[in-house]
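J.: Below you will find the structure I want to go over with you.
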Amino acid sequence: MNWRTIGRGFAAAAFLLAAPALALAQGKYVHANNSPYDNLDPHAVYDVGRAASRINMYDGLYRWVDNPPKMIPWLAESHTVSPDGLTYTFKLRRGVKFHDGSEMTSADVVYTMERMLAMKKGPAGLFIGSVLPGATQAPDPYTVVFKLKEPSAIFVATVPEIQVVNSKLVQKNVKDGDHGEGWLSKNDAGTGSFVLRRYDPAVGFIAARFKDHFHGWEAGKKWFDEIEFRSVLDVNTRVLGMIKGDFHGTDGYLPYDQIERLRKEPGIQILEDESMRVFYFAFNMSRPPFDNVNFRRALAYAFDYNGFINDILKGSVARNPGANPNNLWGTPKDLKGYEYDLDKAKAELAKYGGPLRTITINPLAGFPETEQAAVLFANSLRKIGIETKVEASPWNIVSDRFRNKDQMYDMVPLWKSTYYADPNNWLGELFSTRHLGGRSNTWYSNPEYDKLTERALVSTDQAERQKLYEEASRHIVDQSVGVFVYNTKWFGPYSAKVGGIRFSPVGSGQEMRWAYFK
């Protein structure tokens, strides 16, 4: 299932850029993505930009669908929890097949958890600390038991991210103790609705419909025979490709002027839905002057929120003053956040009183909104005496830098998307000490804050959890642990010939399991 091209540029492009009419006739869906597909290993990458391979070629025990997000049974039919909240027992579906035709059993689920914990990458951060190595058991082929170190209020919510791999196939391809990472980064070992057919990390992937998928395929619908996800960083190329019919879909977070441009095209439909995707500037607080709260507050007062939201984005998003989405519990109703006020910014900068240096802002290449925000911010910062430089990088590069505090740039404008619908997805992962070097991209560590988020992780009292997260939300704003701008709305551009798109904030509409040609 591995594919390599000779002369990776023209040869790959010539193969992938098939005529749209032919693609439609063959039942092939083509999607233009704004991030590279440089790694297909579901346990190595864990972000929305590269979610399409993970969500289409792999399955979890449960599945997030729809909006507001809800979980439905998937590889597992049901689960029970022990009275002490430490033991979770899942009953698996029988007869689920991997793409090579072998049956999935509880041994594969155990291997999957152990592999994630050993690799300590991607989704592993959701389970490290609560699930210890060796604590997952398979008492019979269709039962899997997770024994937690301590109660976890989010464990069930994170179960969909246990993307099950074919243990025998992966183990067969382990080299020098690499857990099969080298092989799985460019191959497929899942049970998902689509099976990998061709892949080039510089171009994208093609996957064919897995006709033996356990969920089955309803008769009478023109299900996609193949799906192709290409990396197309340039916005104009994506938009023109949609207009010409080269692409059947693209990302739902295009600049709003481009969405309005596509609305005028008769062959294109724009689907709309409220999302849970907070746009903010992540600070690298491991180095001065970002380790000083007054300096950070000066930055928070120096961003033109209304100008960005109303003038640049044409009011297509909602102001979100904190780290938690406005439309999710755990956000205080009276949370005000910061406003654009250069006098207050200068006053906070005077309180800081320390040395200043040139600040580097690292927007995401292929995401023009991040570059617009970076330039706008840079202009304001110069007015208060802070010099900046703006240097864009592809998402995979930025993501790798997050793991090393010495490599991450000073500020990164980006979105925190929904991986599971719980405040810990934002307030816990972004700022808790336990996630340093992993899910946290801020390098923030505060013992008092940790007390709030750690207690919220183990509490089974929803009222208590809400109170704890509301206090955590206030703390993040008071300490200005980032510049929080808005919660976004999803505008999904698709060919008018495409039906069945089932949007969820988890995955951002990239799951093709439900979609078809009309």
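In the structure tokens, chains take the letters A, B, ... in the order shown, each chain's residues start at 1, and ligands count up from 1 in the order shown.
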With a distance cut-off of 9 Å and only C-alpha atoms, select the neighbouring residues of range 438-453 of chain A, excluding the residue or stretch itself and same-chain residues fewer than 4 positions from it, and output the selection as a PyMOL selection string.

T.: chain A and resi 120-126+282-286+291+399+402-403+405+408+424+427-434+457+465+468-469+471-472+475-476+481-482

J.: Can you write out the residues you just picked, keeping N, CA and C atoms, as a compact mmCIF listing (two decimals), in the first residue's frame?

T.:
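out.txt, freshly written:
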```
# COMPACT_ATOMS: atom_id res chain seq x y z
N LYS A 120 4.57 7.93 23.46
CA LYS A 120 4.45 9.24 24.12
C LYS A 120 4.30 10.38 23.12
N LYS A 121 3.54 10.13 22.07
CA LYS A 121 3.29 11.14 21.05
C LYS A 121 1.79 11.26 20.81
N GLY A 122 1.43 12.26 20.00
CA GLY A 122 0.04 12.38 19.56
C GLY A 122 -0.97 12.28 20.68
N PRO A 123 -1.91 11.33 20.59
CA PRO A 123 -2.98 11.23 21.58
C PRO A 123 -2.54 10.64 22.92
N ALA A 124 -1.30 10.20 23.04
CA ALA A 124 -0.83 9.57 24.28
C ALA A 124 -1.01 10.49 25.48
N GLY A 125 -0.89 11.81 25.25
CA GLY A 125 -1.02 12.75 26.35
C GLY A 125 -2.37 12.70 27.04
N LEU A 126 -3.38 12.16 26.37
CA LEU A 126 -4.70 12.04 26.97
C LEU A 126 -4.73 10.95 28.04
N ALA A 282 -0.60 31.72 20.95
CA ALA A 282 0.10 30.95 21.98
C ALA A 282 1.43 31.64 22.29
N PHE A 283 1.72 31.81 23.58
CA PHE A 283 2.99 32.39 24.01
C PHE A 283 3.95 31.29 24.43
N ASN A 284 5.20 31.45 24.11
CA ASN A 284 6.24 30.58 24.67
C ASN A 284 6.72 31.23 25.97
N MET A 285 6.15 30.79 27.08
CA MET A 285 6.42 31.44 28.36
C MET A 285 7.63 30.87 29.09
N SER A 286 8.43 30.10 28.38
CA SER A 286 9.63 29.54 28.99
C SER A 286 10.79 30.53 28.98
N ASP A 291 7.72 35.43 30.38
CA ASP A 291 7.53 34.87 31.72
C ASP A 291 7.06 35.93 32.71
N SER A 399 4.10 22.54 14.52
CA SER A 399 3.71 21.52 15.49
C SER A 399 4.93 20.84 16.10
N PHE A 402 6.60 23.01 18.74
CA PHE A 402 5.91 23.11 20.01
C PHE A 402 6.50 22.17 21.06
N ARG A 403 7.06 21.07 20.63
CA ARG A 403 7.54 20.06 21.57
C ARG A 403 8.84 20.45 22.25
N LYS A 405 10.82 23.75 23.86
CA LYS A 405 10.69 25.16 24.24
C LYS A 405 11.79 26.03 23.65
N MET A 408 10.42 26.48 19.76
CA MET A 408 9.17 27.20 19.53
C MET A 408 9.44 28.69 19.49
N ASN A 424 -11.50 20.35 29.59
CA ASN A 424 -10.10 19.93 29.70
C ASN A 424 -9.39 19.96 28.35
N LEU A 427 -8.68 24.08 28.62
CA LEU A 427 -8.10 24.60 29.85
C LEU A 427 -7.09 23.65 30.47
N GLY A 428 -7.29 22.36 30.31
CA GLY A 428 -6.34 21.40 30.86
C GLY A 428 -5.13 21.19 29.97
N GLU A 429 -5.41 20.85 28.72
CA GLU A 429 -4.32 20.48 27.81
C GLU A 429 -3.38 21.64 27.49
N LEU A 430 -3.92 22.84 27.37
CA LEU A 430 -3.09 23.96 26.95
C LEU A 430 -2.20 24.51 28.06
N PHE A 431 -2.62 24.39 29.34
CA PHE A 431 -1.94 25.13 30.38
C PHE A 431 -1.53 24.32 31.61
N SER A 432 -1.94 23.05 31.70
CA SER A 432 -1.57 22.24 32.86
C SER A 432 -0.15 21.72 32.73
N THR A 433 0.53 21.66 33.86
CA THR A 433 1.94 21.24 33.87
C THR A 433 2.10 19.82 33.31
N ARG A 434 1.11 18.96 33.53
CA ARG A 434 1.24 17.58 33.08
C ARG A 434 1.37 17.46 31.56
N LEU A 457 -10.20 16.98 36.81
CA LEU A 457 -9.99 15.73 36.08
C LEU A 457 -10.55 14.51 36.81
N ARG A 465 -17.08 20.43 38.87
CA ARG A 465 -16.21 20.58 37.70
C ARG A 465 -16.46 21.92 37.00
N LEU A 468 -14.83 24.67 39.01
CA LEU A 468 -13.37 24.62 38.88
C LEU A 468 -12.91 25.18 37.54
N TYR A 469 -13.61 24.81 36.47
CA TYR A 469 -13.19 25.30 35.15
C TYR A 469 -13.51 26.79 34.97
N GLU A 471 -13.28 28.94 37.38
CA GLU A 471 -12.17 29.59 38.08
C GLU A 471 -10.89 29.51 37.25
N ALA A 472 -10.68 28.38 36.59
CA ALA A 472 -9.51 28.24 35.72
C ALA A 472 -9.58 29.22 34.56
N HIS A 475 -8.52 32.58 35.77
CA HIS A 475 -7.08 32.60 36.01
C HIS A 475 -6.31 32.86 34.72
N ILE A 476 -6.69 32.17 33.66
CA ILE A 476 -5.99 32.30 32.38
C ILE A 476 -6.10 33.72 31.84
N VAL A 481 -2.43 34.42 29.79
CA VAL A 481 -1.64 33.29 29.31
C VAL A 481 -1.98 33.03 27.83
N GLY A 482 -1.78 34.06 27.01
CA GLY A 482 -2.14 34.01 25.60
C GLY A 482 -3.05 35.17 25.26
```

J.: Could you please write out, as an NGL selection string, every residue of range 147-362 of chain A that DSSP assigns to alpha helix (DSSP H)?

T.: :A and (155-158 or 167-172 or 181-184 or 235-244 or 256-263 or 293-301 or 305-306 or 342-352)

J.: For the residues in that selection, give me N, CA and C atoms as a short mmCIF file (atom, residue, chain, number, x, y, z; two decimals), in the first residue's frame.

T.:
```cif
data_model
loop_
_atom_site.label_atom_id
_atom_site.label_comp_id
_atom_site.auth_asym_id
_atom_site.auth_seq_id
_atom_site.Cartn_x
_atom_site.Cartn_y
_atom_site.Cartn_z
N PHE A 155 -12.18 10.22 30.79
CA PHE A 155 -11.70 9.01 30.13
C PHE A 155 -12.62 8.56 29.00
N VAL A 156 -13.92 8.47 29.26
CA VAL A 156 -14.85 8.01 28.22
C VAL A 156 -14.84 8.99 27.04
N ALA A 157 -14.74 10.28 27.33
CA ALA A 157 -14.73 11.29 26.26
C ALA A 157 -13.51 11.15 25.36
N THR A 158 -12.41 10.58 25.89
CA THR A 158 -11.19 10.44 25.10
C THR A 158 -11.05 9.06 24.45
N SER A 167 -2.37 -5.27 15.47
CA SER A 167 -1.16 -5.51 16.26
C SER A 167 -0.18 -6.43 15.56
N LYS A 168 -0.67 -7.49 14.94
CA LYS A 168 0.23 -8.44 14.28
C LYS A 168 0.93 -7.79 13.09
N LEU A 169 0.19 -6.99 12.34
CA LEU A 169 0.77 -6.35 11.16
C LEU A 169 1.81 -5.31 11.56
N VAL A 170 1.51 -4.52 12.57
CA VAL A 170 2.46 -3.50 13.01
C VAL A 170 3.70 -4.15 13.61
N GLN A 171 3.51 -5.16 14.45
CA GLN A 171 4.65 -5.81 15.08
C GLN A 171 5.56 -6.47 14.04
N LYS A 172 4.98 -6.92 12.97
CA LYS A 172 5.75 -7.54 11.91
C LYS A 172 6.68 -6.53 11.24
N GLU A 181 6.87 2.63 13.89
CA GLU A 181 6.59 4.01 13.47
C GLU A 181 7.03 4.27 12.03
N GLY A 182 8.21 3.79 11.68
CA GLY A 182 8.71 4.03 10.32
C GLY A 182 7.76 3.48 9.27
N TRP A 183 7.27 2.29 9.52
CA TRP A 183 6.37 1.64 8.56
C TRP A 183 4.98 2.27 8.58
N LEU A 184 4.43 2.50 9.78
CA LEU A 184 3.05 2.99 9.87
C LEU A 184 2.94 4.46 9.49
N VAL A 235 -4.30 29.38 -0.82
CA VAL A 235 -5.75 29.57 -0.73
C VAL A 235 -6.37 29.76 -2.11
N ASN A 236 -5.78 30.58 -2.96
CA ASN A 236 -6.35 30.83 -4.29
C ASN A 236 -6.42 29.55 -5.11
N THR A 237 -5.41 28.70 -4.97
CA THR A 237 -5.42 27.43 -5.69
C THR A 237 -6.58 26.56 -5.23
N ARG A 238 -6.83 26.54 -3.93
CA ARG A 238 -7.94 25.75 -3.41
C ARG A 238 -9.27 26.31 -3.91
N VAL A 239 -9.42 27.62 -3.84
CA VAL A 239 -10.68 28.23 -4.25
C VAL A 239 -10.92 28.07 -5.75
N LEU A 240 -9.90 28.34 -6.57
CA LEU A 240 -10.06 28.17 -8.01
C LEU A 240 -10.33 26.71 -8.36
N GLY A 241 -9.69 25.80 -7.62
CA GLY A 241 -9.94 24.38 -7.85
C GLY A 241 -11.38 23.99 -7.57
N MET A 242 -11.97 24.61 -6.54
CA MET A 242 -13.39 24.37 -6.25
C MET A 242 -14.26 24.92 -7.39
N ILE A 243 -13.96 26.12 -7.85
CA ILE A 243 -14.75 26.75 -8.91
C ILE A 243 -14.68 25.95 -10.21
N LYS A 244 -13.48 25.46 -10.54
CA LYS A 244 -13.29 24.70 -11.78
C LYS A 244 -13.81 23.27 -11.67
N TYR A 256 -13.15 34.69 5.03
CA TYR A 256 -14.57 34.89 4.76
C TYR A 256 -14.83 35.49 3.37
N ASP A 257 -13.92 36.32 2.88
CA ASP A 257 -14.13 36.88 1.54
C ASP A 257 -14.10 35.79 0.48
N GLN A 258 -13.33 34.72 0.74
CA GLN A 258 -13.30 33.60 -0.19
C GLN A 258 -14.58 32.75 -0.09
N ILE A 259 -15.11 32.66 1.11
CA ILE A 259 -16.40 31.97 1.28
C ILE A 259 -17.49 32.70 0.50
N GLU A 260 -17.49 34.03 0.60
CA GLU A 260 -18.48 34.82 -0.13
C GLU A 260 -18.29 34.67 -1.64
N ARG A 261 -17.05 34.55 -2.05
CA ARG A 261 -16.76 34.34 -3.47
C ARG A 261 -17.33 33.01 -3.94
N LEU A 262 -17.19 31.98 -3.12
CA LEU A 262 -17.68 30.65 -3.50
C LEU A 262 -19.21 30.57 -3.45
N ARG A 263 -19.83 31.36 -2.60
CA ARG A 263 -21.29 31.35 -2.51
C ARG A 263 -21.94 31.72 -3.85
N VAL A 293 4.06 38.60 33.80
CA VAL A 293 2.63 38.79 33.59
C VAL A 293 2.30 40.18 33.06
N ASN A 294 3.05 41.20 33.47
CA ASN A 294 2.76 42.55 32.98
C ASN A 294 3.09 42.69 31.50
N PHE A 295 4.16 42.05 31.06
CA PHE A 295 4.48 42.07 29.64
C PHE A 295 3.38 41.37 28.85
N ARG A 296 2.89 40.25 29.37
CA ARG A 296 1.83 39.51 28.67
C ARG A 296 0.54 40.32 28.62
N ARG A 297 0.25 41.02 29.70
CA ARG A 297 -0.96 41.86 29.70
C ARG A 297 -0.83 43.00 28.70
N ALA A 298 0.38 43.53 28.57
CA ALA A 298 0.60 44.58 27.57
C ALA A 298 0.26 44.06 26.18
N LEU A 299 0.66 42.82 25.90
CA LEU A 299 0.34 42.21 24.60
C LEU A 299 -1.16 42.04 24.44
N ALA A 300 -1.84 41.61 25.50
CA ALA A 300 -3.28 41.37 25.42
C ALA A 300 -4.04 42.65 25.13
N TYR A 301 -3.56 43.78 25.64
CA TYR A 301 -4.21 45.06 25.37
C TYR A 301 -3.84 45.62 24.00
N TYR A 305 -8.92 43.55 18.59
CA TYR A 305 -9.91 42.49 18.47
C TYR A 305 -11.05 42.88 17.52
N ASN A 306 -11.64 44.05 17.74
CA ASN A 306 -12.77 44.46 16.91
C ASN A 306 -12.36 44.68 15.46
N LEU A 342 -4.22 50.83 23.68
CA LEU A 342 -2.77 51.01 23.65
C LEU A 342 -2.26 51.77 24.87
N ASP A 343 -3.08 52.62 25.47
CA ASP A 343 -2.65 53.31 26.69
C ASP A 343 -2.47 52.32 27.83
N LYS A 344 -3.42 51.39 27.97
CA LYS A 344 -3.29 50.36 29.01
C LYS A 344 -2.12 49.43 28.68
N ALA A 345 -1.91 49.18 27.40
CA ALA A 345 -0.77 48.34 27.00
C ALA A 345 0.55 48.99 27.41
N LYS A 346 0.67 50.29 27.17
CA LYS A 346 1.88 51.01 27.54
C LYS A 346 2.07 51.03 29.06
N ALA A 347 0.96 51.16 29.80
CA ALA A 347 1.03 51.17 31.25
C ALA A 347 1.53 49.83 31.79
N GLU A 348 1.03 48.72 31.22
CA GLU A 348 1.50 47.40 31.64
C GLU A 348 2.97 47.19 31.26
N LEU A 349 3.35 47.72 30.11
CA LEU A 349 4.73 47.59 29.68
C LEU A 349 5.66 48.36 30.62
N ALA A 350 5.18 49.50 31.11
CA ALA A 350 5.97 50.28 32.08
C ALA A 350 6.12 49.52 33.39
N LYS A 351 5.07 48.81 33.82
CA LYS A 351 5.16 47.99 35.04
C LYS A 351 6.18 46.87 34.86
N TYR A 352 6.25 46.35 33.65
CA TYR A 352 7.25 45.30 33.37
C TYR A 352 8.65 45.87 33.56
#
```

J.: If we count only C-alpha atoms and set the cut-off at 8 Å, which residues sit around Ala202 in chain A, ignoring sequence neighbours fewer than 4 positions away in its own chain? Please answer as a tab-separated table (two decimals) with N, CA and C atoms, in the first residue's frame.

T.:
```tsv
chain	number	residue	atom	x	y	z
A	8	ARG	N	9.21	13.66	-7.76
A	8	ARG	CA	8.03	13.80	-6.94
A	8	ARG	C	7.13	14.96	-7.33
A	36	PRO	N	-0.01	19.69	5.24
A	36	PRO	CA	0.62	18.53	4.62
A	36	PRO	C	0.19	17.23	5.31
A	37	TYR	N	0.28	16.14	4.58
A	37	TYR	CA	0.07	14.80	5.14
A	37	TYR	C	1.44	14.12	5.20
A	38	ASP	N	2.25	14.51	6.16
A	38	ASP	CA	3.62	14.03	6.23
A	38	ASP	C	3.76	12.77	7.07
A	231	SER	N	-2.58	17.96	-0.25
A	231	SER	CA	-2.06	19.13	0.43
A	231	SER	C	-1.95	20.27	-0.59
```

J.: Using only C-alpha atoms for the distances, tell me which of A:Tyr199, A:Tyr486, A:Tyr516, A:Phe279 is nearest to Ala318 in chain A.

T.: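 Closest residue, counting only C-alpha atoms: A:Tyr486.
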
J.: Which is closest to Ile501 in chain A among A:Arg277, A:Arg197, A:Arg513, A:Arg94, if we use only C-alpha atoms?

T.: A:Arg513

J.: At a cut-off of 9 Å, can you tabulate as a Markdown table every residue of range 177-253 of chain A near range 362-369 of chain A together with its closest atom pair and the distance in Å to one decimal, using only C-alpha atoms and ordering rows by chain then number?

T.:
```
| residue | atom | partner | partner_atom | distance |
| --- | --- | --- | --- | --- |
| A:Val232 | CA | A:Gly366 | CA | 7.9 |
| A:Leu233 | CA | A:Gly366 | CA | 4.3 |
| A:Asp234 | CA | A:Gly366 | CA | 5.5 |
| A:Val235 | CA | A:Gly366 | CA | 6.5 |
| A:Tyr253 | CA | A:Phe367 | CA | 8.8 |
```

J.: Could you save those same residues with N, CA and C atoms as a compact mmCIF listing (two decimals), in the first residue's frame?

T.:
```txt
# COMPACT_ATOMS: atom_id res chain seq x y z
N VAL A 232 -2.75 21.31 -0.39
CA VAL A 232 -2.76 22.49 -1.27
C VAL A 232 -2.70 23.72 -0.37
N LEU A 233 -1.52 24.24 -0.13
CA LEU A 233 -1.36 25.30 0.85
C LEU A 233 -1.91 26.64 0.39
N ASP A 234 -1.85 26.91 -0.91
CA ASP A 234 -2.26 28.21 -1.41
C ASP A 234 -3.78 28.33 -1.45
N VAL A 235 -4.30 29.38 -0.82
CA VAL A 235 -5.75 29.57 -0.73
C VAL A 235 -6.37 29.76 -2.11
N TYR A 253 -12.65 26.60 6.91
CA TYR A 253 -12.18 27.79 7.62
C TYR A 253 -11.40 28.70 6.69
```

J.: Provide the CA of Ser495 in chain A to CA of Asp200 in chain A distance in Å, to one decimal place.

T.: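 Value for the CA of Ser495 in chain A-CA of Asp200 in chain A distance: 25.1 Å.
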
J.: One decimal, Å: what's the distance from CA of Gln163 in chain A over to CA of Leu148 in chain A, could you say?

T.: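 CA of Gln163 in chain A sits 18.6 Å away from CA of Leu148 in chain A.
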
J.: Looking at only C-alpha atoms, which of A:Gly27, A:Glu274, A:Val96, A:Thr136 is the one that sits closest to Lys221 in chain A?

T.: A:Gly27

J.: So which bits of range 62-208 of chain A end up strand (DSSP E or B) when you DSSP the backbone, as a PyMOL selection string?

T.: chain A and resi 62-65+70-73+76-81+87-92+97+103+131-140+143-148+194-200+204-208

J.: So the first atom is CA of Leu92 in chain A and the second is CA of Met57 in chain A; what is the distance between them in Å, to one decimal place?

T.: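 The value is 18.6 Å.
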
J.: So that I can check the surroundings of Thr360 in chain A, please list as a list in words every protein, DNA and RNA residue that reaches within 8 Å of it, counting only C-alpha atoms and ignoring chain neighbours fewer than 4 positions away.

T.: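 Selected residues are Thr388, Lys389, Val390, Glu391, Tyr409, Asp410 and Met411 of chain A.
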
J.: May I ask which of the residues A:Ile72, A:Pro151, A:His43, A:Asp225 is the closest one to Ala118 in chain A, counting only C-alpha atoms?

T.: A:His43
